[in-house]
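One file, model03.txt, carrying compact mmCIF, C-alpha atoms:
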```
# COMPACT_ATOMS: atom_id res chain seq x y z
CA MET A 1107 141.03 -29.40 9.47
CA SER A 1108 144.16 -31.32 10.39
CA LYS A 1109 146.10 -33.44 7.94
CA ALA A 1110 145.01 -36.61 9.71
CA GLU A 1111 141.35 -35.69 9.21
CA THR A 1112 141.63 -35.14 5.47
CA LEU A 1113 142.56 -38.76 4.77
CA ASN A 1114 139.92 -41.44 5.31
CA PRO A 1115 141.54 -44.50 6.94
CA LYS A 1116 138.69 -46.72 5.71
CA ILE A 1117 140.09 -46.66 2.17
CA PHE A 1118 142.94 -48.91 3.29
CA LYS A 1119 141.78 -52.49 2.65
CA ALA A 1120 143.53 -55.81 3.27
CA TYR A 1121 145.13 -55.96 -0.18
CA ASP A 1122 144.77 -52.49 -1.69
CA ILE A 1123 143.40 -48.97 -1.32
CA ARG A 1124 139.89 -48.29 -2.56
CA GLY A 1125 137.11 -45.74 -2.10
CA ILE A 1126 134.50 -43.57 -3.76
CA TYR A 1127 136.00 -40.68 -5.74
CA PRO A 1128 136.35 -37.91 -4.66
CA SER A 1129 134.57 -38.13 -1.28
CA GLU A 1130 136.61 -41.03 0.13
CA PHE A 1131 139.63 -41.28 -2.16
CA ASN A 1132 140.99 -38.30 -4.11
CA GLU A 1133 144.15 -36.62 -5.39
CA GLU A 1134 145.25 -35.44 -1.94
CA ALA A 1135 144.96 -38.96 -0.55
CA ALA A 1136 146.82 -40.42 -3.54
CA TYR A 1137 149.59 -37.83 -3.23
CA ARG A 1138 150.18 -38.55 0.45
CA ILE A 1139 150.03 -42.32 0.02
CA ALA A 1140 152.62 -42.06 -2.76
CA ARG A 1141 154.96 -40.04 -0.56
CA ALA A 1142 154.42 -42.53 2.26
CA LEU A 1143 155.23 -45.45 -0.07
CA VAL A 1144 158.55 -43.89 -1.10
CA LEU A 1145 159.38 -43.01 2.50
CA TYR A 1146 158.49 -46.45 3.88
CA LEU A 1147 160.31 -48.48 1.22
CA GLY A 1148 163.22 -46.07 0.85
CA VAL A 1149 163.18 -46.54 -2.92
CA ASP A 1150 164.67 -44.33 -5.62
CA SER A 1151 162.06 -45.06 -8.31
CA VAL A 1152 158.44 -46.23 -8.66
CA ALA A 1153 156.60 -47.47 -11.76
CA VAL A 1154 153.07 -46.11 -12.14
CA GLY A 1155 150.26 -47.52 -14.28
CA ARG A 1156 146.59 -46.57 -14.49
CA ASP A 1157 143.31 -47.92 -15.77
CA MET A 1158 140.62 -46.20 -17.85
CA ARG A 1159 138.48 -44.81 -15.01
CA LEU A 1160 137.52 -41.18 -15.49
CA SER A 1161 139.43 -40.11 -12.37
CA SER A 1162 142.54 -42.21 -13.09
CA PRO A 1163 144.54 -39.57 -15.03
CA ALA A 1164 144.21 -37.06 -12.19
CA ILE A 1165 144.95 -39.69 -9.54
CA ALA A 1166 147.99 -40.90 -11.49
CA GLN A 1167 149.31 -37.37 -11.74
CA ALA A 1168 148.89 -36.93 -7.98
CA VAL A 1169 150.75 -40.20 -7.35
CA ILE A 1170 153.58 -39.15 -9.67
CA SER A 1171 153.81 -35.79 -7.89
CA GLY A 1172 153.96 -37.52 -4.52
CA ILE A 1173 156.71 -39.85 -5.71
CA THR A 1174 158.86 -37.08 -7.16
CA ASP A 1175 158.23 -34.69 -4.24
CA GLN A 1176 159.57 -37.38 -1.94
CA GLY A 1177 162.77 -37.57 -4.02
CA ALA A 1178 162.17 -40.68 -6.12
CA ASP A 1179 161.87 -40.98 -9.89
CA ALA A 1180 158.50 -41.90 -11.40
CA ILE A 1181 158.24 -44.18 -14.44
CA ASP A 1182 154.90 -43.31 -16.04
CA LEU A 1183 153.61 -46.41 -17.85
CA GLY A 1184 150.35 -44.74 -18.87
CA LEU A 1185 147.35 -46.99 -19.49
CA THR A 1186 148.13 -50.56 -18.36
CA THR A 1187 146.49 -53.65 -16.96
CA THR A 1188 147.37 -54.49 -13.36
CA ASP A 1189 149.28 -57.59 -14.41
CA GLU A 1190 151.23 -55.47 -16.90
CA LEU A 1191 152.29 -53.19 -14.03
CA TYR A 1192 153.50 -56.24 -12.07
CA PHE A 1193 155.37 -57.42 -15.16
CA ALA A 1194 157.09 -54.06 -15.58
CA VAL A 1195 158.27 -54.05 -11.96
CA GLY A 1196 159.60 -57.61 -12.23
CA LYS A 1197 161.09 -57.46 -15.71
CA PHE A 1198 162.82 -54.08 -15.50
CA GLY A 1199 163.89 -54.27 -11.88
CA TYR A 1200 161.90 -51.36 -10.51
CA PRO A 1201 161.94 -51.32 -6.70
CA ALA A 1202 158.22 -50.49 -6.42
CA GLY A 1203 155.06 -50.09 -8.43
CA VAL A 1204 151.64 -48.48 -8.12
CA MET A 1205 148.57 -49.31 -10.18
CA ILE A 1206 145.73 -46.78 -10.20
CA THR A 1207 142.55 -48.88 -10.31
CA ALA A 1208 139.50 -49.96 -8.38
CA SER A 1209 139.50 -53.29 -10.20
CA HIS A 1210 135.93 -54.59 -10.57
CA ASN A 1211 134.26 -51.90 -8.45
CA PRO A 1212 131.60 -49.57 -9.93
CA ALA A 1213 132.53 -46.42 -11.85
CA GLU A 1214 132.40 -44.06 -8.86
CA TYR A 1215 135.32 -45.88 -7.18
CA ASN A 1216 139.06 -45.62 -7.64
CA GLY A 1217 142.09 -46.82 -5.73
CA MET A 1218 145.68 -48.08 -5.71
CA LYS A 1219 147.42 -51.44 -5.77
CA MET A 1220 151.03 -51.31 -4.58
CA CYS A 1221 153.97 -53.67 -4.87
CA ARG A 1222 157.65 -53.71 -4.06
CA ALA A 1223 160.60 -55.19 -5.95
CA GLU A 1224 160.01 -58.47 -7.79
CA ALA A 1225 156.30 -57.57 -7.99
CA VAL A 1226 155.71 -58.61 -4.37
CA ALA A 1227 152.28 -57.20 -3.52
CA ILE A 1228 151.97 -54.94 -0.48
CA SER A 1229 149.09 -55.99 1.76
CA SER A 1230 148.05 -54.56 5.11
CA GLU A 1231 150.29 -57.09 6.86
CA THR A 1232 153.33 -56.50 4.62
CA GLY A 1233 153.66 -52.73 4.76
CA GLY A 1234 150.20 -51.42 3.95
CA ASP A 1235 149.39 -50.50 7.55
CA ALA A 1236 152.72 -48.72 7.98
CA ILE A 1237 152.17 -46.77 4.74
CA ARG A 1238 148.68 -45.88 5.95
CA ASP A 1239 150.04 -44.53 9.23
CA LEU A 1240 152.69 -42.43 7.47
CA ALA A 1241 150.09 -41.04 5.07
CA LEU A 1242 147.69 -40.23 7.91
CA ALA A 1243 150.42 -38.42 9.85
CA GLY A 1244 151.39 -36.42 6.77
CA ALA A 1245 154.81 -35.50 8.20
CA PHE A 1246 157.10 -36.04 5.22
CA PRO A 1247 160.77 -35.03 5.40
CA GLU A 1248 161.85 -32.90 2.48
CA PRO A 1249 164.33 -34.72 0.22
CA ALA A 1250 167.59 -33.23 -0.99
CA HIS A 1251 166.14 -33.02 -4.51
CA LYS A 1252 162.99 -33.89 -6.38
CA GLY A 1253 162.72 -36.91 -8.60
CA SER A 1254 162.21 -36.94 -12.36
CA VAL A 1255 159.43 -38.39 -14.54
CA THR A 1256 160.06 -40.79 -17.43
CA LYS A 1257 157.37 -42.15 -19.74
CA ARG A 1258 157.66 -45.77 -20.82
CA ASP A 1259 155.35 -48.08 -22.77
CA VAL A 1260 155.93 -51.75 -21.88
CA THR A 1261 152.87 -53.15 -23.67
CA ASP A 1262 154.76 -54.90 -26.49
CA ASP A 1263 157.20 -56.40 -24.00
CA TYR A 1264 154.30 -57.66 -21.89
CA VAL A 1265 152.52 -59.22 -24.86
CA SER A 1266 155.73 -61.07 -25.80
CA HIS A 1267 156.13 -62.24 -22.21
CA CYS A 1268 152.59 -63.64 -22.05
CA LEU A 1269 152.95 -65.41 -25.39
CA SER A 1270 156.18 -67.03 -24.16
CA PHE A 1271 154.09 -69.27 -21.88
CA ILE A 1272 152.70 -71.17 -24.88
CA ASP A 1273 153.82 -72.55 -28.24
CA VAL A 1274 151.92 -70.25 -30.60
CA ALA A 1275 152.53 -72.68 -33.46
CA LYS A 1276 150.32 -75.24 -31.68
CA VAL A 1277 147.33 -72.91 -31.38
CA ARG A 1278 144.53 -73.83 -33.78
CA PRO A 1279 142.42 -71.15 -35.54
CA LEU A 1280 139.70 -71.05 -32.91
CA LYS A 1281 136.86 -68.57 -32.62
CA VAL A 1282 137.01 -66.77 -29.28
CA ALA A 1283 134.60 -64.17 -27.90
CA VAL A 1284 136.17 -61.80 -25.36
CA ASP A 1285 134.22 -59.41 -23.13
CA ALA A 1286 136.48 -56.62 -21.88
CA GLY A 1287 133.65 -54.91 -20.01
CA ASN A 1288 134.97 -51.54 -21.27
CA GLY A 1289 138.03 -52.23 -19.13
CA MET A 1290 141.73 -52.56 -19.82
CA ALA A 1291 141.46 -55.90 -21.61
CA GLY A 1292 140.09 -53.87 -24.51
CA MET A 1293 143.58 -52.45 -24.98
CA ILE A 1294 145.73 -55.53 -24.45
CA VAL A 1295 143.72 -58.39 -25.98
CA PRO A 1296 143.78 -57.10 -29.61
CA LYS A 1297 147.57 -56.82 -29.38
CA VAL A 1298 147.82 -60.46 -28.26
CA PHE A 1299 145.52 -61.67 -31.04
CA GLU A 1300 147.80 -60.10 -33.63
CA TYR A 1301 150.05 -63.12 -32.99
CA LEU A 1302 147.32 -65.77 -32.81
CA PRO A 1303 145.41 -67.58 -35.56
CA GLY A 1304 141.65 -67.69 -35.47
CA GLN A 1305 138.95 -65.11 -34.97
CA LEU A 1306 138.45 -62.66 -32.12
CA VAL A 1307 134.84 -61.67 -31.41
CA PRO A 1308 135.14 -58.52 -29.28
CA LEU A 1309 132.54 -57.28 -26.80
CA TYR A 1310 132.83 -53.86 -25.20
CA PHE A 1311 136.48 -53.19 -26.06
CA GLU A 1312 136.07 -49.39 -25.92
CA LEU A 1313 137.90 -48.08 -22.87
CA ASP A 1314 135.16 -46.37 -20.86
CA GLY A 1315 135.42 -45.84 -17.12
CA ARG A 1316 131.66 -45.28 -16.89
CA PHE A 1317 131.09 -49.01 -17.65
CA PRO A 1318 128.05 -48.28 -19.83
CA ASN A 1319 127.23 -51.91 -20.70
CA HIS A 1320 127.64 -53.84 -17.46
CA PRO A 1321 129.86 -53.78 -14.35
CA ALA A 1322 133.36 -55.09 -15.04
CA SER A 1323 132.96 -57.85 -12.46
CA PRO A 1324 132.61 -61.16 -14.32
CA ILE A 1325 132.43 -63.33 -11.20
CA GLU A 1326 128.70 -62.39 -11.10
CA PRO A 1327 126.96 -64.41 -13.85
CA GLU A 1328 124.60 -61.55 -14.73
CA ASN A 1329 127.62 -59.58 -15.97
CA THR A 1330 128.55 -62.31 -18.47
CA ALA A 1331 125.02 -62.73 -19.88
CA ASP A 1332 125.89 -60.96 -23.16
CA LEU A 1333 129.09 -62.96 -23.57
CA ARG A 1334 127.38 -66.29 -22.91
CA ARG A 1335 124.70 -65.44 -25.46
CA VAL A 1336 127.24 -64.38 -28.12
CA VAL A 1337 129.34 -67.54 -27.63
CA VAL A 1338 126.31 -69.69 -28.45
CA GLU A 1339 124.90 -67.49 -31.23
CA GLU A 1340 128.25 -67.04 -32.96
CA ARG A 1341 129.24 -70.68 -32.40
CA CYS A 1342 132.47 -69.72 -30.67
CA ASP A 1343 134.89 -72.28 -29.31
CA MET A 1344 135.04 -70.41 -26.01
CA GLY A 1345 134.39 -67.09 -24.31
CA VAL A 1346 136.60 -65.06 -21.99
CA ALA A 1347 135.59 -62.29 -19.59
CA PHE A 1348 138.03 -59.95 -17.86
CA ASP A 1349 137.46 -57.61 -14.93
CA GLY A 1350 138.12 -53.86 -15.08
CA ASP A 1351 141.90 -53.92 -14.60
CA ALA A 1352 142.15 -57.22 -16.53
CA ASP A 1353 144.06 -59.24 -13.95
CA ARG A 1354 141.15 -61.66 -13.36
CA MET A 1355 139.68 -63.90 -16.04
CA PHE A 1356 136.64 -66.17 -16.33
CA LEU A 1357 135.98 -68.72 -19.07
CA ILE A 1358 132.77 -69.57 -20.90
CA SER A 1359 132.41 -72.99 -22.55
CA GLU A 1360 131.24 -73.43 -26.13
CA LYS A 1361 127.82 -74.20 -24.63
CA GLY A 1362 127.63 -70.78 -23.01
CA GLU A 1363 128.27 -72.07 -19.49
CA GLN A 1364 130.48 -70.08 -17.11
CA LEU A 1365 133.35 -71.93 -15.46
CA GLY A 1366 134.35 -71.29 -11.88
CA GLY A 1367 137.90 -70.18 -11.17
CA ASP A 1368 138.60 -73.60 -9.70
CA MET A 1369 137.77 -75.37 -12.96
CA VAL A 1370 140.07 -72.97 -14.82
CA THR A 1371 142.74 -73.77 -12.22
CA ALA A 1372 142.31 -77.47 -13.01
CA LEU A 1373 142.62 -76.89 -16.78
CA VAL A 1374 145.71 -74.68 -16.45
CA ALA A 1375 147.30 -77.22 -14.10
CA GLN A 1376 146.59 -80.04 -16.54
CA SER A 1377 148.26 -78.11 -19.36
CA LEU A 1378 151.33 -77.02 -17.40
CA LEU A 1379 151.98 -80.51 -16.05
CA ARG A 1380 152.42 -81.88 -19.58
CA ASP A 1381 155.83 -80.21 -19.68
CA HIS A 1382 156.54 -79.88 -15.93
CA GLN A 1383 156.08 -83.34 -14.46
CA GLY A 1384 156.34 -83.39 -10.68
CA ALA A 1385 155.83 -79.63 -10.33
CA THR A 1386 154.08 -78.18 -7.30
CA ILE A 1387 150.77 -76.38 -7.88
CA LEU A 1388 148.81 -74.45 -5.26
CA TYR A 1389 145.05 -74.12 -4.91
CA ASN A 1390 143.08 -72.31 -2.22
CA LEU A 1391 140.74 -74.24 0.01
CA ILE A 1392 137.58 -72.92 -1.66
CA ASN A 1393 138.52 -74.82 -4.82
CA SER A 1394 136.69 -78.01 -5.67
CA ARG A 1395 138.14 -81.33 -4.48
CA SER A 1396 138.50 -82.04 -8.19
CA VAL A 1397 141.43 -79.58 -8.42
CA PRO A 1398 143.96 -81.52 -6.29
CA GLU A 1399 142.72 -84.73 -7.91
CA VAL A 1400 143.55 -83.35 -11.37
CA ILE A 1401 146.94 -82.07 -10.21
CA GLU A 1402 147.94 -85.42 -8.72
CA ARG A 1403 146.45 -87.47 -11.56
CA ASN A 1404 148.62 -85.50 -13.98
CA GLY A 1405 151.81 -86.04 -12.01
CA GLY A 1406 151.89 -82.84 -9.95
CA GLN A 1407 152.15 -82.06 -6.25
CA ALA A 1408 149.03 -80.31 -4.91
CA VAL A 1409 149.35 -77.88 -1.99
CA ARG A 1410 146.25 -76.41 -0.31
CA THR A 1411 146.41 -72.77 0.89
CA ARG A 1412 144.39 -70.08 2.58
CA VAL A 1413 142.30 -67.67 0.51
CA GLY A 1414 144.07 -64.45 -0.54
CA HIS A 1415 146.91 -63.54 -2.86
CA SER A 1416 149.42 -62.61 -0.16
CA PHE A 1417 149.17 -66.12 1.31
CA ILE A 1418 149.30 -67.87 -2.05
CA LYS A 1419 152.28 -65.87 -3.33
CA ALA A 1420 154.25 -66.49 -0.12
CA GLN A 1421 153.50 -70.23 -0.30
CA MET A 1422 154.43 -70.35 -3.98
CA ARG A 1423 157.84 -68.92 -3.21
CA GLU A 1424 158.29 -71.33 -0.31
CA HIS A 1425 157.39 -74.37 -2.44
CA ASN A 1426 158.82 -73.08 -5.73
CA ALA A 1427 155.35 -73.75 -7.12
CA ILE A 1428 154.94 -73.30 -10.85
CA PHE A 1429 151.31 -72.17 -10.60
CA GLY A 1430 148.58 -71.24 -8.14
CA GLY A 1431 144.86 -70.73 -8.70
CA GLU A 1432 141.97 -69.22 -6.78
CA HIS A 1433 138.22 -69.68 -7.17
CA SER A 1434 137.97 -65.90 -7.60
CA GLY A 1435 139.69 -65.91 -11.01
CA HIS A 1436 143.21 -65.01 -9.87
CA PHE A 1437 145.93 -67.20 -11.41
CA TYR A 1438 149.57 -66.91 -10.33
CA PHE A 1439 152.67 -68.04 -12.22
CA ARG A 1440 156.19 -68.63 -10.92
CA ASP A 1441 157.69 -67.42 -14.19
CA ASN A 1442 155.64 -64.22 -13.90
CA TRP A 1443 157.34 -63.18 -10.64
CA TYR A 1444 154.66 -65.19 -8.81
CA ALA A 1445 152.18 -62.47 -9.80
CA ASP A 1446 148.73 -63.11 -11.20
CA SER A 1447 147.75 -62.81 -14.84
CA GLY A 1448 144.38 -63.68 -16.31
CA LEU A 1449 145.85 -63.23 -19.79
CA ILE A 1450 148.52 -65.90 -19.29
CA ALA A 1451 145.91 -68.30 -17.88
CA PHE A 1452 143.67 -67.73 -20.91
CA LEU A 1453 146.54 -68.40 -23.34
CA ILE A 1454 147.44 -71.65 -21.58
CA VAL A 1455 143.85 -72.89 -21.81
CA LEU A 1456 143.73 -71.83 -25.48
CA GLU A 1457 146.80 -73.97 -26.15
CA LEU A 1458 145.30 -76.89 -24.18
CA ILE A 1459 142.12 -76.84 -26.28
CA SER A 1460 144.22 -76.67 -29.45
CA VAL A 1461 146.52 -79.55 -28.53
CA SER A 1462 143.82 -81.80 -27.09
CA GLY A 1463 141.43 -81.34 -30.00
CA LYS A 1464 138.61 -81.28 -27.45
CA THR A 1465 136.02 -78.65 -26.59
CA VAL A 1466 136.01 -76.91 -23.22
CA SER A 1467 133.03 -79.06 -22.19
CA GLU A 1468 134.79 -82.26 -23.20
CA LEU A 1469 137.88 -81.28 -21.19
CA LEU A 1470 135.70 -80.50 -18.18
CA ALA A 1471 133.56 -83.65 -18.29
CA PRO A 1472 135.95 -85.89 -16.32
CA ILE A 1473 136.89 -83.04 -13.95
CA ASP A 1474 133.73 -81.14 -13.06
CA THR A 1475 131.83 -83.99 -11.40
CA ARG A 1476 130.65 -82.29 -8.21
CA VAL A 1477 128.27 -79.44 -7.36
CA ARG A 1478 129.06 -76.26 -5.44
CA SER A 1479 127.05 -73.63 -3.61
CA GLY A 1480 129.15 -70.62 -4.46
CA GLU A 1481 129.96 -68.19 -1.67
CA ILE A 1482 127.02 -67.33 0.60
CA ASN A 1483 127.51 -64.41 2.98
CA THR A 1484 125.56 -63.98 6.21
CA VAL A 1485 125.69 -61.08 8.67
CA VAL A 1486 126.24 -62.42 12.21
CA ARG A 1487 126.59 -60.74 15.60
CA ASP A 1488 129.46 -62.89 16.87
CA GLN A 1489 131.62 -64.61 14.27
CA ALA A 1490 133.72 -66.57 16.78
CA GLU A 1491 130.70 -67.82 18.72
CA ARG A 1492 128.93 -69.07 15.59
CA MET A 1493 132.06 -70.78 14.27
CA GLY A 1494 132.60 -72.46 17.63
CA ALA A 1495 129.05 -73.78 17.62
CA ILE A 1496 129.45 -75.12 14.07
CA GLU A 1497 132.68 -76.89 14.96
CA GLN A 1498 131.12 -78.46 18.06
CA HIS A 1499 128.09 -79.63 16.05
CA PHE A 1500 130.12 -81.44 13.40
CA ALA A 1501 132.89 -82.71 15.67
CA ALA A 1502 130.19 -84.68 17.47
CA ARG A 1503 129.23 -86.24 14.12
CA GLY A 1504 132.74 -87.43 13.29
CA ALA A 1505 133.77 -84.75 10.80
CA ARG A 1506 137.38 -84.14 9.93
CA ILE A 1507 137.96 -80.50 10.84
CA ASP A 1508 140.82 -78.12 10.09
CA HIS A 1509 141.48 -74.44 10.77
CA LEU A 1510 143.71 -73.43 7.86
CA ASP A 1511 141.29 -70.63 7.01
CA GLY A 1512 138.20 -70.39 9.19
CA ILE A 1513 136.73 -73.87 9.71
CA THR A 1514 136.60 -76.61 7.10
CA ILE A 1515 134.16 -79.46 7.77
CA ASP A 1516 135.15 -82.56 5.79
CA PHE A 1517 133.09 -85.69 5.09
CA PRO A 1518 133.61 -88.32 2.36
CA THR A 1519 130.81 -87.04 0.11
CA TRP A 1520 130.76 -83.32 0.97
CA TRP A 1521 132.72 -80.51 2.59
CA ALA A 1522 132.02 -76.98 3.79
CA ASN A 1523 134.18 -74.02 4.73
CA VAL A 1524 133.07 -71.15 6.95
CA ARG A 1525 135.40 -68.21 7.33
CA PRO A 1526 134.97 -64.71 8.73
CA SER A 1527 135.26 -61.56 6.64
CA ASN A 1528 138.23 -59.38 7.58
CA THR A 1529 136.31 -56.16 7.04
CA GLU A 1530 132.63 -56.83 7.76
CA PRO A 1531 130.56 -58.75 10.38
CA LEU A 1532 130.04 -61.59 7.90
CA LEU A 1533 130.57 -65.32 7.74
CA ARG A 1534 131.34 -66.68 4.27
CA LEU A 1535 130.06 -70.18 3.49
CA ASN A 1536 131.15 -72.49 0.66
CA VAL A 1537 129.78 -76.02 0.27
CA GLU A 1538 130.59 -78.77 -2.22
CA ALA A 1539 128.90 -82.16 -2.49
CA ASP A 1540 128.87 -85.17 -4.79
CA THR A 1541 125.19 -84.73 -5.75
CA PRO A 1542 122.75 -81.80 -6.06
CA GLU A 1543 120.49 -83.36 -3.44
CA GLU A 1544 123.24 -83.60 -0.86
CA LEU A 1545 124.46 -80.10 -1.67
CA ALA A 1546 121.00 -78.65 -0.98
CA ARG A 1547 120.70 -80.57 2.26
CA ARG A 1548 124.15 -79.70 3.59
CA ARG A 1549 123.93 -76.05 2.48
CA ASP A 1550 120.64 -75.64 4.35
CA GLU A 1551 122.07 -77.42 7.40
CA MET A 1552 125.07 -75.10 7.45
CA LEU A 1553 122.99 -71.97 6.98
CA ALA A 1554 120.64 -72.97 9.79
CA LEU A 1555 123.65 -73.22 12.13
CA ILE A 1556 125.12 -69.94 10.94
CA ARG A 1557 121.83 -68.04 11.20
CA GLN A 1558 120.67 -69.28 14.61
```
Starting from the coordinates I provided, produce the structure as structure tokens.
Amino acid sequence: MSKAETLNPKIFKAYDIRGIYPSEFNEEAAYRIARALVLYLGVDSVAVGRDMRLSSPAIAQAVISGITDQGADAIDLGLTTTDELYFAVGKFGYPAGVMITASHNPAEYNGMKMCRAEAVAISSETGGDAIRDLALAGAFPEPAHKGSVTKRDVTDDYVSHCLSFIDVAKVRPLKVAVDAGNGMAGMIVPKVFEYLPGQLVPLYFELDGRFPNHPASPIEPENTADLRRVVVEERCDMGVAFDGDADRMFLISEKGEQLGGDMVTALVAQSLLRDHQGATILYNLINSRSVPEVIERNGGQAVRTRVGHSFIKAQMREHNAIFGGEHSGHFYFRDNWYADSGLIAFLIVLELISVSGKTVSELLAPIDTRVRSGEINTVVRDQAERMGAIEQHFAARGARIDHLDGITIDFPTWWANVRPSNTEPLLRLNVEADTPEELARRRDEMLALIRQ
């Protein structure tokens, strides 16, 4: 078997590397990708973090071996969250970083997230494809000498960094339930709460890469069922759910209702604009119309972006935006090297609740006034043909149409976005309307056009 055949190119996704262990993604793949990363970037050191998956220690060791065999030094951060890895790269000036994780995927998966200096994420369009090609070829020049390995724990530094985004003295003694999903939040959240008043109600904080209680993917409401129940039963002020590598975060109101990422974006924006009047804040186009309304009502400048962290981070740098939020639970901060951190977003909302004296539901009442379909995926034979037909249909009815990301159909009382998947023959539909009745009608109208 040739070197090219031993590495599955399908593990290279738009924003990371991911596959089933060990059939699709294994130590050999990780080793070669690590060598390719060093070769492509020409760096002399790489920071490496890993999550709690059962295969992560072996994968991390393979990555470290690849880095050092290609002549660079490896900084072994041990167990970290993904946002902690980004922090380490930004704070300590490392020229590259690798996080061993498959994020919210099931237990049988593992993968890698890569970044360069200043925590700039590497996507397929910004070096990922080139790294893939080098790894597939497997022709690595031997360096003059091997690199060294240094262990470093940056957890305390990261906790201090996250807490710097709020005034801890303003935080009231609230009761907060947190579901770590047996993921990395179980390690970091207790350390943060050492500095906060109030009571932490922990769910599934034991690090366990088998995910014995539920998948660590809180965007699906069934995975937050236990948390929502505990928030109500324990009379908590709020609930928080993190995904497996703890970079995404979802909030639960005191009534046990799960907030979308766009509503969290609105709350974080509202809080940040108290001290940063006139600041620019980004939101992706799947967010509710309420998000730009909140930003502008609170004295900010709202900028609409495509979906996807590489687009948002690039736009944030261009606009010097203080914050950016996605419906998917990713929240980006300028003062966090434009990287995402669910933990920072949670702390900012915690401070907002404390300062306002209101419940989560009371803060949401004037904001969350519309209804949304959530993302509906449909397999189609010809994405471009279907999108063309949809555009033609609504153009004839006087819709305002834009092509920032797929097609957005815009009417005064409702809007819809249809965009193609990058990796599958799918169209993704999101609809928002002013009333439940109109939402049902417009959703069904859109689906009928998509599924013709």
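Taking all atoms listed in the file into account, Ile1358 of chain A lies nearest to A:Ala1283 out of the set A:Leu1555, A:Ala1372, A:Leu1302, A:Ala1283.
Straight-line separation from atom CA of Ala1445 of chain A to atom CA of Ile1513 of chain A: 27.4 Å.
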Please work out which residues fall within 10 Å of (153.2, -55.6, -6.7), coordinates as given in the file, with only C-alpha atoms counting, and return them as a VMD selection string. chain A and resid 1188 to 1189 1191 to 1196 1201 to 1205 1219 to 1229 1443 to 1446
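For the atom pair formed by atom CA of Arg1354 of chain A and atom CA of Gly1315 of chain A, the distance is 17.2 Å, given to one decimal.
Within 6 Å of segment 1514-1529 of chain A there are Ala1505, Arg1506, Ile1507, Asp1508, Leu1535, Asn1536, Val1537, Glu1538, Ala1539 and Asp1540 of chain A, counting all atoms listed in the file and ignoring same-chain residues fewer than 6 positions away.
Take atom CA of Glu1339 of chain A and atom CA of His1433 of chain A: the distance between them is 27.6 Å.
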